[in-house]
Amino acid sequence: MAATQAALDNETAVGERALEGRRLPLIAKVYGALCLVNGLVTLPMLVYAIVVAVRALNPSNVDTSLTFILSCIHAVVLVVNSAGLIVFGFLLVRNRRRHAARWAYALIPVTLVEGLSDLALYSLDIELLLPFIQLILLVTISITADPWLRRERELQRTLRRLRERDQLEQAAKIGMVGRDLTGKGYIALDFFNLFWVFVVACVVGLGIETVYHFVLYNGEWQDRAGLLYGPFSPIYGFGAVLLTVFLNRLWDSRPLLIFIASAIIGGAFEYATSLFMQVAFGVTAWDYTGQWLSIGGRTSGKYMIMWGCLGLLWIRWCLPHLLRLINRIPWAWRYSVTVAAFVLMFVDGTMTLMALDCWYTRVAGFEPGSPIELFFANHFDDAYMQHRFQTMTIDPTLSGRV
């Protein structure tokens, strides 16, 4: 048994080295060179601007407004992003595909934070276009450069060439697609797995919250959706992704450890989400003030315990079943179905942010002026938004916008 495992590990290592040695497409290297140049030019300028701004501060009269704090966070994120682009671009140019894929996965959340901080400070404007383009390119590069995804695609092409049914079934049993072959966790943390984790958790989380509210409030039915279209609650989707990423290595650990880690991660995420919605749109979606161990009304001991239970259930039971469910997507459709679903979810999320931004503008007393604002005022007016997002209230004075 040990010899068999050693041979399998050796074969996996050889296969990974072979995939690592394959050259990236020329366009990926060109993009890497652009990232490298962009980072090398931008980073010194950002650092210089920050140093000048810090020197100009008057210690006796430091601005502590929410807008100033958001601006500081935004500046730090820009520095981190520029430094990351230097490393990422260098790895692409040098054809270090495995490390480049890892840096792409690391830069994706940084780019998201940059876009969200832009949104919180400046509303929806042309500045958001750059993080949007970078996000799309990073996702594309991560899929292209990740050696395990490439190996999966090669296996898919091999299976397509098999004619007889028994050969197809035998080849498919080589290993469940999406498992972490390094042994460091249960599920491979690639784009496809995490995207479907997000989608399924959005739907299941919405169902749980709707039923919970229905039972707790004596049959009162309330729309708990978080996007303009579809039965999706993105807070559960992003929460499931975070739990999967941070607890993947603990999937076989003691239940108490998983519970405590899930409670902390879930509570911190719930707090951060509530804070962002407030500073970006002046939105209050929930308020736990007065509850046991309430932290600013954004999270509480009660809901941290619920996050702990959900995390334990998710890692120990849901994740294996979800991976089997993902594997039921026909191989011939695996990539096309995922891309189509991603586009639909991305459009839904983008329209939701735009609708919230226009809602905020109207509540703040500004008349719709641009064609986009007029479109959302006509099709998603205040009454529609209040009916769709029944748990939300908007107070522009709570936001941190410039």
# chains A, B, ... in the order shown; residues from 1 in each chain; ligands from 1
call {"tool": "residues_around", "arguments": {"residues": "Gln278 of chain A", "least_positions_apart": "6", "cutoff": "8 Å", "atoms": "only C-alpha atoms", "output": "PDB file with C-alpha atoms, in the first residue's frame"}}
result
ATOM      1  CA  THR A 284     -28.462  49.140   7.214  1.00  0.00           C
ATOM      2  CA  LEU A 398     -24.098  57.177   7.477  1.00  0.00           C
ATOM      3  CA  SER A 399     -22.085  56.732   4.276  1.00  0.00           C
TER       4      SER A 399
END
call {"tool": "select_by_dssp", "arguments": {"residues": "segment 1-151 of chain A", "states": "alpha helix (DSSP H)", "output": "ChimeraX atom specification"}}
result
/A:2-21,26-56,66-93,97-122,129-145,147-151
call {"tool": "residues_around", "arguments": {"residues": "segment 27-30 of chain A", "least_positions_apart": "5", "cutoff": "8 Å", "atoms": "only C-alpha atoms", "output": "list in words"}}
result
Gly89, Leu92, Val93, Asn95 and Ile141 of chain A
call {"tool": "residues_around", "arguments": {"residues": "Thr361 of chain A", "least_positions_apart": "5", "cutoff": "10 Å", "atoms": "only C-alpha atoms", "output": "NGL selection string"}}
result
:A and (123 or 281 or 355-356 or 366-368 or 373 or 396)
call {"tool": "atom_distance", "arguments": {"atom1": "atom CA of Ile315 of chain A", "atom2": "atom CA of Cys202 of chain A"}}
result
16.0 Å
call {"tool": "residues_around", "arguments": {"residues": "Leu228 of chain A", "least_positions_apart": "2", "cutoff": "8 Å", "atoms": "only C-alpha atoms", "output": "list in words"}}
result
Ala225, Gly226, Gly230, Asp348, Gly349, Met351, Thr352 and Arg388 of chain A
call {"tool": "select_by_dssp", "arguments": {"residues": "segment 216-397 of chain A", "states": "strand (DSSP E or B)", "output": "ChimeraX atom specification"}}
result
/A:283-284,295,299,393-394
call {"tool": "residues_around", "arguments": {"residues": "Ile260 of chain A", "least_positions_apart": "6", "cutoff": "10 Å", "atoms": "only C-alpha atoms", "output": "ChimeraX atom specification"}}
result
/A:266,304-305,307-309,311-312
call {"tool": "atom_distance", "arguments": {"atom1": "atom CA of Phe376 of chain A", "atom2": "atom CA of Phe198 of chain A"}}
result
26.8 Å
